[in-house]
Amino acid sequence: MNEQQQMVSGLSCIVCGKQSVERFLDLGATALANKFLTKEELSKPEAKYPLRVGYCHTCGHVQLTEEVPPSAMFEVTAVEVWPWRGSMRL
Ligand SMILES: [Zn+2]
């Protein structure tokens, strides 16, 4: 196991609950996808969150290993709702 394939200890899979999630991708601090900034927000620093992805060796689920606050992902404006799903199944 090299530095890039660091096993995340104490992290449970969000699907099966087993502690067998291995991080395989770290994209660093990343702005939220589909979070369109208002004209006023363009002059301020944009919020960024760690974007790290792990693989569960028990059930095969691929998931984020860092949780983004729900309030940051599910902002409701007058015209739109933009959810950011934290996982996908292969
Ligand atoms: Zn699992």
# chains A, B, ... in the order shown; residues from 1 in each chain; ligands from 1
>>> residues_near_ligand(ligand="ligand 1", cutoff="10 Å", atoms="only C-alpha atoms and all ligand atoms", output="list of chain:residue names")
A:Ser12, A:Cys13, A:Ile14, A:Val15, A:Cys16, A:Gly17, A:Lys18, A:Gln19, A:Ser20, A:Val21, A:Tyr55, A:Cys56, A:His57, A:Thr58, A:Cys59, A:Gly60, A:His61, A:Val62, A:Gln63
>>> write_last_selection(atoms="N, CA and C atoms", output="JSON list (two decimals), in the first residue's frame")
[["chain", "number", "residue", "atom", "x", "y", "z"],
["A", 12, "SER", "N", -16.40, 4.12, 8.41],
["A", 12, "SER", "CA", -17.36, 3.09, 8.04],
["A", 12, "SER", "C", -17.96, 3.38, 6.67],
["A", 13, "CYS", "N", -18.27, 2.34, 5.96],
["A", 13, "CYS", "CA", -18.96, 2.47, 4.67],
["A", 13, "CYS", "C", -20.36, 2.99, 4.91],
["A", 14, "ILE", "N", -20.80, 3.94, 4.08],
["A", 14, "ILE", "CA", -22.13, 4.51, 4.26],
["A", 14, "ILE", "C", -23.22, 3.55, 3.81],
["A", 15, "VAL", "N", -22.87, 2.44, 3.14],
["A", 15, "VAL", "CA", -23.87, 1.48, 2.68],
["A", 15, "VAL", "C", -23.91, 0.26, 3.61],
["A", 16, "CYS", "N", -22.77, -0.42, 3.79],
["A", 16, "CYS", "CA", -22.77, -1.68, 4.56],
["A", 16, "CYS", "C", -22.31, -1.51, 6.00],
["A", 17, "GLY", "N", -21.71, -0.37, 6.33],
["A", 17, "GLY", "CA", -21.30, -0.10, 7.70],
["A", 17, "GLY", "C", -19.97, -0.72, 8.10],
["A", 18, "LYS", "N", -19.34, -1.51, 7.24],
["A", 18, "LYS", "CA", -18.05, -2.13, 7.56],
["A", 18, "LYS", "C", -16.94, -1.09, 7.47],
["A", 19, "GLN", "N", -15.91, -1.28, 8.28],
["A", 19, "GLN", "CA", -14.78, -0.35, 8.25],
["A", 19, "GLN", "C", -13.73, -0.85, 7.26],
["A", 20, "SER", "N", -14.08, -0.84, 6.00],
["A", 20, "SER", "CA", -13.17, -1.33, 4.96],
["A", 20, "SER", "C", -13.10, -0.38, 3.78],
["A", 21, "VAL", "N", -13.22, 0.92, 4.06],
["A", 21, "VAL", "CA", -13.14, 1.92, 3.00],
["A", 21, "VAL", "C", -11.69, 2.35, 2.82],
["A", 55, "TYR", "N", -13.11, 3.50, -1.65],
["A", 55, "TYR", "CA", -13.74, 2.27, -2.15],
["A", 55, "TYR", "C", -13.95, 1.31, -0.99],
["A", 56, "CYS", "N", -15.14, 0.78, -0.85],
["A", 56, "CYS", "CA", -15.42, -0.20, 0.20],
["A", 56, "CYS", "C", -15.08, -1.59, -0.33],
["A", 57, "HIS", "N", -14.14, -2.24, 0.35],
["A", 57, "HIS", "CA", -13.72, -3.58, -0.08],
["A", 57, "HIS", "C", -14.76, -4.65, 0.27],
["A", 58, "THR", "N", -15.74, -4.32, 1.09],
["A", 58, "THR", "CA", -16.77, -5.29, 1.46],
["A", 58, "THR", "C", -17.91, -5.32, 0.44],
["A", 59, "CYS", "N", -18.44, -4.14, 0.11],
["A", 59, "CYS", "CA", -19.62, -4.12, -0.77],
["A", 59, "CYS", "C", -19.36, -3.48, -2.13],
["A", 60, "GLY", "N", -18.20, -2.87, -2.33],
["A", 60, "GLY", "CA", -17.86, -2.29, -3.63],
["A", 60, "GLY", "C", -18.38, -0.88, -3.85],
["A", 61, "HIS", "N", -18.97, -0.29, -2.84],
["A", 61, "HIS", "CA", -19.51, 1.07, -3.00],
["A", 61, "HIS", "C", -18.38, 2.10, -3.03],
["A", 62, "VAL", "N", -18.49, 3.06, -3.95],
["A", 62, "VAL", "CA", -17.55, 4.17, -4.04],
["A", 62, "VAL", "C", -18.21, 5.39, -3.41],
["A", 63, "GLN", "N", -17.48, 6.06, -2.52],
["A", 63, "GLN", "CA", -18.09, 7.14, -1.74],
["A", 63, "GLN", "C", -17.06, 8.20, -1.36]]
>>> residues_around(residues="Thr65 (chain A)", least_positions_apart="5", cutoff="6 Å", atoms="only C-alpha atoms", output="mmCIF file with C-alpha atoms, in the first residue's frame")
data_model
loop_
_atom_site.group_PDB
_atom_site.id
_atom_site.type_symbol
_atom_site.label_atom_id
_atom_site.label_comp_id
_atom_site.auth_asym_id
_atom_site.auth_seq_id
_atom_site.Cartn_x
_atom_site.Cartn_y
_atom_site.Cartn_z
ATOM 1 C CA ARG A 52 -11.589 12.514 -1.434
ATOM 2 C CA VAL A 53 -13.040 9.287 -2.715
ATOM 3 C CA GLY A 54 -12.873 5.835 -1.168
#
